[in-house]
>>> print(open('protein-v4.txt').read())   # compact mmCIF, C-alpha atoms
# COMPACT_ATOMS: atom_id res chain seq x y z
CA MET I 1 137.73 107.25 80.43
CA LYS I 2 134.83 107.14 78.01
CA PHE I 3 131.23 107.25 79.25
CA ASN I 4 128.30 105.60 77.58
CA LYS I 5 126.02 108.57 76.87
CA SER I 6 122.87 106.50 77.15
CA LEU I 7 123.88 105.12 80.53
CA LEU I 8 124.91 108.57 81.71
CA ALA I 9 121.58 110.03 80.61
CA ALA I 10 119.73 107.21 82.35
CA ALA I 11 121.73 107.75 85.52
CA LEU I 12 121.00 111.47 85.45
CA GLY I 13 117.31 110.74 84.86
CA LEU I 14 117.25 108.37 87.82
CA SER I 15 118.97 110.96 89.95
CA MET I 16 116.37 113.55 89.00
CA ALA I 17 113.55 111.08 89.63
CA VAL I 18 114.62 110.33 93.16
CA SER I 19 115.64 113.89 93.97
CA VAL I 20 112.27 115.11 95.12
CA GLN I 21 111.40 118.31 96.90
CA ALA I 22 112.58 118.37 100.50
CA PHE I 23 110.20 119.87 103.04
CA ASP I 24 109.75 120.26 106.73
CA GLU I 25 106.74 117.93 106.60
CA ILE I 26 103.87 117.16 108.95
CA TYR I 27 101.70 114.09 108.35
CA LEU I 28 98.05 114.46 109.34
CA THR I 29 95.38 111.74 109.03
CA GLY I 30 92.06 110.60 110.51
CA SER I 31 88.43 111.68 110.24
CA THR I 32 86.82 111.92 106.81
CA ALA I 33 83.75 113.60 108.34
CA MET I 34 85.85 116.43 109.81
CA ARG I 35 88.16 117.01 106.82
CA ALA I 36 86.09 119.89 105.37
CA THR I 37 86.35 121.85 108.62
CA ILE I 38 90.07 121.17 109.01
CA TYR I 39 90.55 122.15 105.37
CA SER I 40 89.10 125.55 106.29
CA VAL I 41 91.44 125.85 109.29
CA LEU I 42 94.54 124.93 107.28
CA SER I 43 93.73 126.89 104.12
CA ALA I 44 93.13 130.24 105.82
CA ALA I 45 95.78 132.82 106.57
CA GLY I 46 96.46 133.05 110.29
CA PRO I 47 95.31 129.94 112.17
CA VAL I 48 98.23 127.71 111.15
CA PHE I 49 100.03 129.39 108.25
CA SER I 50 101.18 133.01 108.33
CA SER I 51 99.61 133.51 104.88
CA ALA I 52 97.24 131.40 102.79
CA PRO I 53 99.05 128.22 101.69
CA VAL I 54 99.26 126.60 98.27
CA ILE I 55 96.96 123.56 98.21
CA THR I 56 97.30 120.31 96.29
CA GLY I 57 94.32 117.96 96.20
CA TYR I 58 93.40 114.64 94.68
CA GLY I 59 89.74 113.88 94.15
CA GLY I 60 88.43 117.02 92.48
CA LYS I 61 86.22 117.74 95.51
CA GLY I 62 88.16 120.52 97.20
CA ASN I 63 87.55 120.15 100.93
CA GLY I 64 86.18 116.65 100.29
CA ASP I 65 89.40 115.21 98.85
CA ASN I 66 90.93 112.23 100.63
CA TYR I 67 94.44 113.46 99.78
CA MET I 68 95.46 117.07 100.49
CA ALA I 69 98.73 118.93 100.96
CA PHE I 70 99.19 122.51 102.21
CA TYR I 71 102.45 124.34 101.40
CA GLY I 72 103.40 127.54 103.20
CA THR I 73 105.16 129.06 106.18
CA LEU I 74 103.84 128.01 109.56
CA ASN I 75 103.29 130.61 112.24
CA GLY I 76 106.61 131.21 114.00
CA ASN I 77 108.71 129.48 111.33
CA SER I 78 110.93 131.15 108.76
CA SER I 79 111.01 128.48 106.05
CA PRO I 80 108.14 126.67 104.25
CA SER I 81 106.52 123.49 105.51
CA VAL I 82 104.03 121.01 104.10
CA ILE I 83 101.05 119.54 105.94
CA ASN I 84 100.47 116.31 104.04
CA CYS I 85 97.02 114.82 104.73
CA TYR I 86 95.42 111.46 104.06
CA TRP I 87 91.92 111.11 105.51
CA SER I 88 91.77 107.41 106.33
CA GLY I 89 89.02 107.47 108.99
CA SER I 90 88.99 108.27 112.70
CA GLU I 91 89.71 104.81 114.03
CA ALA I 92 92.51 104.31 111.51
CA GLY I 93 93.89 107.71 112.52
CA ILE I 94 93.97 106.92 116.24
CA GLN I 95 95.64 103.59 115.51
CA ALA I 96 98.16 105.23 113.18
CA VAL I 97 99.35 107.86 115.66
CA ALA I 98 99.29 105.45 118.61
CA SER I 99 101.49 103.01 116.66
CA ASN I 100 103.45 105.47 114.55
CA SER I 101 106.77 103.79 115.38
CA ILE I 102 105.55 100.54 113.80
CA PRO I 103 105.88 100.42 109.98
CA ALA I 104 102.79 98.24 109.64
CA PHE I 105 100.71 101.21 110.81
CA TYR I 106 102.31 103.87 108.62
CA GLN I 107 99.86 105.76 106.38
CA THR I 108 100.04 106.45 102.65
CA PHE I 109 100.39 110.12 101.65
CA MET I 110 100.91 111.84 98.31
CA ALA I 111 104.53 111.94 97.14
CA ASP I 112 106.49 115.13 97.78
CA SER I 113 107.11 115.50 94.06
CA LEU I 114 103.37 116.15 93.56
CA VAL I 115 103.09 118.94 96.12
CA GLN I 116 102.47 122.29 94.45
CA THR I 117 104.48 125.27 95.68
CA SER I 118 103.30 128.14 93.49
CA SER I 119 99.60 127.72 92.62
CA SER I 120 96.87 125.46 93.99
CA VAL I 121 95.71 122.43 92.00
CA ASP I 122 92.83 120.02 92.66
CA ASN I 123 93.40 116.97 90.49
CA SER I 124 90.37 115.01 89.29
CA ALA I 125 92.04 111.64 89.96
CA SER I 126 90.88 110.20 93.27
CA THR I 127 94.33 108.95 94.23
CA PRO I 128 97.80 110.39 93.56
CA PRO I 129 99.90 108.71 90.85
CA SER I 130 102.76 108.35 93.32
CA THR I 131 102.74 108.08 97.10
CA GLN I 132 104.94 107.77 100.14
CA THR I 133 104.46 105.74 103.32
CA GLN I 134 105.11 107.68 106.51
CA PRO I 135 104.35 107.56 110.25
CA ALA I 136 101.41 109.82 111.08
CA MET I 137 102.13 112.62 113.53
CA LEU I 138 98.61 113.98 114.05
CA ALA I 139 95.09 112.63 113.65
CA MET I 140 91.53 113.93 113.79
CA ALA I 141 89.04 111.58 115.46
CA ASP I 142 85.25 111.63 115.84
CA ASN I 143 85.41 110.14 119.33
CA ALA I 144 87.61 110.15 122.38
CA GLN I 145 90.35 107.51 122.45
CA SER I 146 88.59 105.83 125.37
CA PHE I 147 85.78 104.90 122.93
CA SER I 148 88.21 103.65 120.30
CA ARG I 149 89.47 100.23 119.29
CA THR I 150 92.96 101.52 120.15
CA THR I 151 93.09 102.56 123.80
CA LYS I 152 96.85 102.24 124.41
CA PRO I 153 99.20 103.99 124.59
CA LYS I 154 97.25 106.94 125.93
CA LEU I 155 97.58 109.83 123.49
CA THR I 156 97.79 113.54 124.07
CA GLY I 157 94.63 115.02 122.59
CA LYS I 158 92.15 117.85 122.83
CA GLU I 159 88.45 118.07 122.02
CA VAL I 160 87.94 120.75 119.36
CA GLY I 161 84.27 120.50 118.40
CA ILE I 162 81.21 118.36 117.73
CA ILE I 163 80.83 116.38 114.51
CA THR I 164 77.31 115.55 113.35
CA PHE I 165 75.84 112.54 111.52
CA LYS I 166 72.61 111.41 109.87
CA TRP I 167 70.82 108.21 108.94
CA VAL I 168 69.45 108.00 105.41
CA ARG I 169 67.57 105.36 103.39
CA ASN I 170 67.78 104.44 99.75
CA PRO I 171 64.76 104.25 97.37
CA GLY I 172 63.73 100.76 98.47
CA LEU I 173 60.52 99.04 99.51
CA TRP I 174 60.60 100.68 102.94
CA THR I 175 59.57 104.32 102.53
CA GLY I 176 59.65 105.51 106.13
CA THR I 177 61.50 108.53 107.48
CA ASN I 178 62.49 107.51 111.01
CA VAL I 179 64.85 104.88 112.39
CA THR I 180 65.08 103.70 115.99
CA ASP I 181 67.82 101.99 117.99
CA SER I 182 65.90 98.71 118.02
CA GLU I 183 65.42 98.75 114.24
CA ILE I 184 69.09 99.61 113.64
CA ILE I 185 70.32 96.80 115.89
CA GLN I 186 68.12 94.23 114.19
CA ALA I 187 69.18 95.41 110.72
CA LEU I 188 72.88 95.30 111.70
CA ASN I 189 72.47 91.69 112.76
CA GLY I 190 71.75 90.55 109.20
CA GLY I 191 68.70 92.49 108.16
CA ALA I 192 65.26 93.09 109.65
CA VAL I 193 61.96 92.35 107.93
CA ARG I 194 60.16 95.50 106.83
CA SER I 195 57.38 94.81 109.33
CA VAL I 196 59.87 95.71 112.10
CA PHE I 197 60.11 99.22 110.61
CA THR I 198 56.43 99.70 109.73
CA GLY I 199 54.49 97.69 112.30
CA VAL I 200 52.48 96.21 109.44
CA ALA I 201 52.24 92.41 109.50
CA GLY I 202 53.23 90.36 106.47
CA GLN I 203 55.88 92.66 105.01
CA SER I 204 58.57 90.02 104.74
CA ASP I 205 61.12 91.78 102.57
CA PHE I 206 64.24 92.98 104.40
CA VAL I 207 65.88 96.24 105.43
CA TYR I 208 69.69 96.10 105.59
CA VAL I 209 72.47 98.43 106.71
CA SER I 210 75.17 99.58 104.34
CA GLY I 211 77.97 101.30 106.22
CA ARG I 212 81.62 101.92 106.88
CA ASP I 213 84.55 99.67 107.73
CA SER I 214 86.15 99.42 111.16
CA SER I 215 88.49 102.38 110.42
CA SER I 216 85.56 104.79 110.63
CA GLY I 217 84.60 107.12 113.46
CA THR I 218 81.16 107.55 111.92
CA ARG I 219 80.68 103.83 112.44
CA ALA I 220 81.96 103.99 116.03
CA ASN I 221 79.37 106.67 116.80
CA ALA I 222 76.55 104.89 114.96
CA PHE I 223 77.21 101.60 116.73
CA GLY I 224 77.79 103.19 120.12
CA ASP I 225 74.82 105.54 120.05
CA SER I 226 72.37 102.87 118.88
CA GLY I 227 73.51 100.36 121.51
CA PHE I 228 74.74 97.85 118.94
CA GLY I 229 78.25 98.09 120.40
CA ILE I 230 81.30 99.91 119.06
CA LEU I 231 83.36 96.73 118.89
CA SER I 232 80.53 94.47 117.75
CA THR I 233 80.84 92.87 114.31
CA PRO I 234 77.98 93.87 111.98
CA GLN I 235 76.46 92.11 109.01
CA GLN I 236 76.36 94.97 106.54
CA ILE I 237 75.88 94.92 102.80
CA GLU I 238 77.32 97.06 100.03
CA LEU I 239 75.52 98.28 96.93
CA SER I 240 76.61 98.86 93.37
CA GLY I 241 73.96 100.08 90.97
CA GLY I 242 71.25 98.80 93.28
CA ASN I 243 72.75 95.31 93.58
CA MET I 244 74.34 93.61 96.60
CA ILE I 245 78.04 93.11 96.01
CA THR I 246 79.46 91.77 99.28
CA ILE I 247 77.64 88.47 99.31
CA ASP I 248 79.34 85.19 98.40
CA ALA I 249 77.91 82.42 96.23
CA GLY I 250 76.32 80.78 99.25
CA GLY I 251 74.43 83.93 100.24
CA ASP I 252 76.61 84.63 103.26
CA TYR I 253 78.11 87.92 104.37
CA ILE I 254 81.78 88.28 103.54
CA GLY I 255 83.47 89.33 106.77
CA ASP I 256 83.03 92.73 108.36
CA ALA I 257 82.00 94.56 105.20
CA GLY I 258 82.00 98.32 104.86
CA PHE I 259 83.21 101.25 102.78
CA SER I 260 86.49 103.00 103.59
CA SER I 261 85.01 106.36 102.55
CA GLY I 262 81.75 108.04 103.47
CA GLY I 263 81.69 109.75 100.09
CA THR I 264 81.88 106.40 98.29
CA LEU I 265 79.10 104.98 100.48
CA ALA I 266 76.95 108.05 99.81
CA GLY I 267 77.31 107.58 96.07
CA THR I 268 75.70 104.12 96.21
CA LEU I 269 72.54 105.09 98.07
CA GLY I 270 70.54 106.78 95.32
CA SER I 271 69.83 103.53 93.46
CA SER I 272 66.45 101.83 93.74
CA THR I 273 66.40 98.29 95.12
CA THR I 274 62.67 97.67 94.78
CA ALA I 275 63.28 95.14 92.00
CA SER I 276 66.76 93.95 93.00
CA THR I 277 67.49 90.39 94.07
CA ASP I 278 67.94 89.88 97.80
CA GLN I 279 71.01 87.66 97.79
CA VAL I 280 70.86 87.05 101.54
CA ASN I 281 67.29 86.08 102.30
CA GLY I 282 65.93 85.58 98.80
CA GLY I 283 63.09 87.24 96.98
CA THR I 284 62.83 90.43 94.97
CA GLY I 285 63.22 93.85 96.49
CA PHE I 286 64.82 95.10 99.70
CA SER I 287 65.77 98.37 101.39
CA VAL I 288 68.95 99.93 102.77
CA ILE I 289 69.64 102.38 105.58
CA ALA I 290 73.06 103.96 106.14
CA TYR I 291 74.92 106.22 108.56
CA LEU I 292 76.87 109.19 107.20
CA GLY I 293 78.48 112.48 108.13
CA VAL I 294 76.16 115.39 107.33
CA SER I 295 78.12 116.43 104.24
CA ASP I 296 78.09 112.89 102.82
CA ALA I 297 74.41 112.56 103.73
CA THR I 298 73.72 115.62 101.57
CA THR I 299 75.52 113.90 98.69
CA ALA I 300 73.38 110.78 99.16
CA ILE I 301 70.15 112.79 99.36
CA THR I 302 71.04 114.67 96.19
CA ALA I 303 71.55 111.30 94.50
CA GLY I 304 68.08 110.09 95.51
CA ALA I 305 68.29 108.92 99.13
CA THR I 306 66.00 110.22 101.90
CA GLU I 307 67.00 111.64 105.27
CA CYS I 308 65.66 109.83 108.32
CA ALA I 309 64.89 111.19 111.76
CA TYR I 310 66.66 109.32 114.57
CA ASP I 311 64.55 107.97 117.43
CA GLY I 312 61.79 110.36 116.37
CA VAL I 313 63.97 113.47 116.30
CA THR I 314 64.79 115.25 113.04
CA PHE I 315 68.34 116.56 112.70
CA SER I 316 68.91 120.25 113.33
CA SER I 317 71.75 122.21 114.88
CA ALA I 318 69.48 123.27 117.75
CA ALA I 319 68.44 119.66 118.42
CA VAL I 320 72.10 118.65 118.67
CA GLU I 321 73.03 121.60 120.86
CA GLU I 322 70.21 120.85 123.32
CA GLY I 323 70.94 117.10 123.46
CA ASN I 324 67.63 116.12 121.86
CA TYR I 325 69.21 114.66 118.71
CA THR I 326 71.99 112.33 119.85
CA PHE I 327 73.75 111.10 116.69
CA TRP I 328 76.91 113.18 117.01
CA GLY I 329 80.51 112.73 118.09
CA ASN I 330 83.11 114.52 120.17
CA GLU I 331 85.80 115.66 117.71
CA TYR I 332 89.43 115.39 118.90
CA VAL I 333 92.87 116.11 117.54
CA TYR I 334 95.54 113.68 118.75
CA GLN I 335 99.31 113.66 118.46
CA ALA I 336 101.63 110.68 118.35
CA PRO I 337 103.52 109.64 121.50
CA SER I 338 106.83 110.09 119.64
CA GLY I 339 108.19 111.61 116.45
CA VAL I 340 106.18 114.83 116.72
CA SER I 341 108.30 117.68 115.39
CA ALA I 342 108.21 121.29 116.55
CA SER I 343 106.35 122.13 113.34
CA ALA I 344 103.78 119.41 114.04
CA ALA I 345 103.25 120.96 117.47
CA ILE I 346 102.50 124.30 115.75
CA VAL I 347 99.87 122.58 113.61
CA TYR I 348 98.38 120.77 116.62
CA ASN I 349 98.07 124.02 118.59
CA GLY I 350 96.66 125.83 115.56
CA ILE I 351 93.91 123.24 115.22
CA VAL I 352 93.19 123.27 118.96
CA ASN I 353 92.95 127.06 119.14
CA ASN I 354 91.13 127.83 115.88
CA THR I 355 88.78 125.00 114.91
CA ALA I 356 85.82 126.56 116.72
CA THR I 357 86.00 129.59 114.42
CA TYR I 358 85.64 127.39 111.34
CA CYS I 359 82.85 125.09 112.55
CA ASP I 360 79.88 125.88 110.31
CA GLY I 361 77.29 125.09 112.98
CA VAL I 362 75.79 122.24 110.95
CA LYS I 363 78.43 119.69 109.88
CA ALA I 364 80.61 120.71 112.81
CA ILE I 365 79.49 122.65 115.88
CA ALA I 366 81.70 124.70 118.18
CA LEU I 367 81.90 123.50 121.77
CA THR I 368 80.81 126.94 122.97
CA ALA I 369 77.49 126.51 121.12
CA MET I 370 76.63 123.27 122.92
CA HIS I 371 74.16 123.31 125.80
CA CYS I 372 74.87 119.68 126.67
CA THR I 373 77.88 117.43 127.12
CA ARG I 374 78.75 113.75 127.03
CA SER I 375 81.96 111.77 127.10
CA GLY I 376 81.22 109.59 124.10
CA PRO I 377 78.63 107.78 121.97
CA THR I 378 77.65 105.24 124.61
CA SER I 379 76.68 107.88 127.15
CA THR I 380 73.56 110.06 127.33
CA PRO I 381 73.92 113.82 126.75
CA ILE I 382 73.51 115.86 129.92
CA HIS I 383 72.10 119.35 129.55
CA ASN I 384 74.24 122.10 131.06
>>> encode(input="protein-v4.txt", output="structure tokens")
Amino acid sequence: MKFNKSLLAAALGLSMAVSVQAFDEIYLTGSTAMRATIYSVLSAAGPVFSSAPVITGYGGKGNGDNYMAFYGTLNGNSSPSVINCYWSGSEAGIQAVASNSIPAFYQTFMADSLVQTSSSVDNSASTPPSTQTQPAMLAMADNAQSFSRTTKPKLTGKEVGIITFKWVRNPGLWTGTNVTDSEIIQALNGGAVRSVFTGVAGQSDFVYVSGRDSSSGTRANAFGDSGFGILSTPQQIELSGGNMITIDAGGDYIGDAGFSSGGTLAGTLGSSTTASTDQVNGGTGFSVIAYLGVSDATTAITAGATECAYDGVTFSSAAVEEGNYTFWGNEYVYQAPSGVSASAAIVYNGIVNNTATYCDGVKAIALTAMHCTRSGPTSTPIHN
């Protein structure tokens, strides 16, 4: 029998293309605000891996990448494993692990063929050129499941730390440095005139909120802590170069607008809007406030935004620890109700037992450092 060499070569090429690396693989998703701390836990020798793993990233931001993979030998195992991470947001993470048997809730991770096994690489592209869709096994979340949009089935989880947040403002017409619950609620309901923020009559330009989508734990904490309501639908705007971009031709809000990434939101907040067109209420000039994890807030401030105190209290680690500054969340790791491998259990226990060591005391605070407790963002901290 004669073979067509071109067809044979094509067949061999196809075979090689689909024959990707095979790993014992654990799929981890959830909180973007906590990813830097978990990166530290996973990248070190000892907490999860017996020696420092090889890391693949997409985003060029190291511990701020949305896509990460860690290749190495897990504690107690004899062969290599991969922890494949996609940081989709806390609420998306809880939903993904709670519904991990339902394909519609599978998450998108980098393809196995991209995972490095010999030397670490952090690619500048924000997304991998090829991906795989898989059921999530583990998720990080900035709030307990009882304060989530997904309350069933009840997941096995453990609180591992405190995650901190800040409010910031862009360079707009409002130049204040403090936001209150009342101001936030009014702004989330479609904008508040600047007079609400300043107490000065006649300032009729508006202050709006730019924020995250419903997959975000930062949003759950911002809405819960302010009293707006975790499940309430906001009227947020988005910015691009100082211009509103989520407004339709009629000047109406388009759905439940919000960014999927805190880093992306942070990058929009350095632009001045003092001379921009207010597409909602008309006129020239408006202002924007936004809620962010501390790391993303630093990015926004570097770009030109200004940090705001919350209800008269300026952020500090001590203010969080004493319960005086209340914009923070209870950080959990959750595992799926089914499909959790023995290797995934090793990762879960490694995160539970070692996260406190890698909390930096600012972006994430160890539970042992806290002098107050609360069950979630709608409750008041109680001093120990």
>>> atom_distance(input="protein-v4.txt", atom1="atom CA of I:Gln116", atom2="atom CA of I:Tyr71")
7.2 Å
>>> closest_residue(input="protein-v4.txt", among="I:Tyr86, I:Tyr67, I:Phe105, I:Tyr325", to="I:Ser126", atoms="only C-alpha atoms")
I:Tyr67
>>> atom_distance(input="protein-v4.txt", atom1="atom CA of I:Val333", atom2="atom CA of I:Arg149")
16.3 Å
>>> residues_around(input="protein-v4.txt", residues="stretch 203-218 of chain I", least_positions_apart="3", cutoff="8 Å", atoms="all atoms listed in the file", output="PyMOL selection string")
chain I and resi 31+33+88-93+141-143+165+173-174+184+187-188+190-195+200+221-222+235-239+256-262+265+281+283-293
>>> residues_around(input="protein-v4.txt", residues="I:Ala369", least_positions_apart="5", cutoff="10 Å", atoms="all atoms listed in the file", output="PyMOL selection string")
chain I and resi 161-162+317-318+320-322+356+361
>>> closest_residue(input="protein-v4.txt", among="I:Leu367, I:Met68, I:Ala36, I:Ala345", to="I:Asp112", atoms="all atoms listed in the file")
I:Met68
>>> residues_near_point(input="protein-v4.txt", point="(66.6, 94.3, 92.3)", cutoff="9 Å", atoms="all atoms listed in the file", output="list in words")
Gly242, Asn243, Met244, Ser272, Thr273, Thr274, Ala275, Ser276, Thr277, Asp278, Thr284, Gly285 and Phe286 of chain I
>>> residues_around(input="protein-v4.txt", residues="I:Thr373", least_positions_apart="6", cutoff="8 Å", atoms="all atoms listed in the file", output="VMD selection string")
chain I and resid 323 381 to 384
>>> atom_distance(input="protein-v4.txt", atom1="atom CA of I:Arg35", atom2="atom CA of I:Gly376")
20.0 Å
>>> closest_residue(input="protein-v4.txt", among="I:Gly172, I:Pro103, I:Gly64, I:Gly57", to="I:Ser120", atoms="only C-alpha atoms")
I:Gly57
>>> residues_near_point(input="protein-v4.txt", point="(101.1, 122.6, 104.9)", cutoff="10 Å", atoms="all atoms listed in the file", output="ChimeraX atom specification")
/I:23-28,42-43,48-49,52-56,68-74,80-85,115,343,347
>>> residues_around(input="protein-v4.txt", residues="I:Ser130", least_positions_apart="5", cutoff="8 Å", atoms="all atoms listed in the file", output="PyMOL selection string")
chain I and resi 110-111+114
>>> closest_residue(input="protein-v4.txt", among="I:Ser51, I:Thr355, I:Asn349, I:Thr198", to="I:Glu331", atoms="all atoms listed in the file")
I:Thr355
>>> closest_residue(input="protein-v4.txt", among="I:Ser50, I:Ser271, I:Ser295, I:Asn63", to="I:Asp122", atoms="all atoms listed in the file")
I:Asn63
>>> closest_residue(input="protein-v4.txt", among="I:Ile94, I:Met370, I:Ala201, I:Val280", to="I:Ala144", atoms="all atoms listed in the file")
I:Ile94
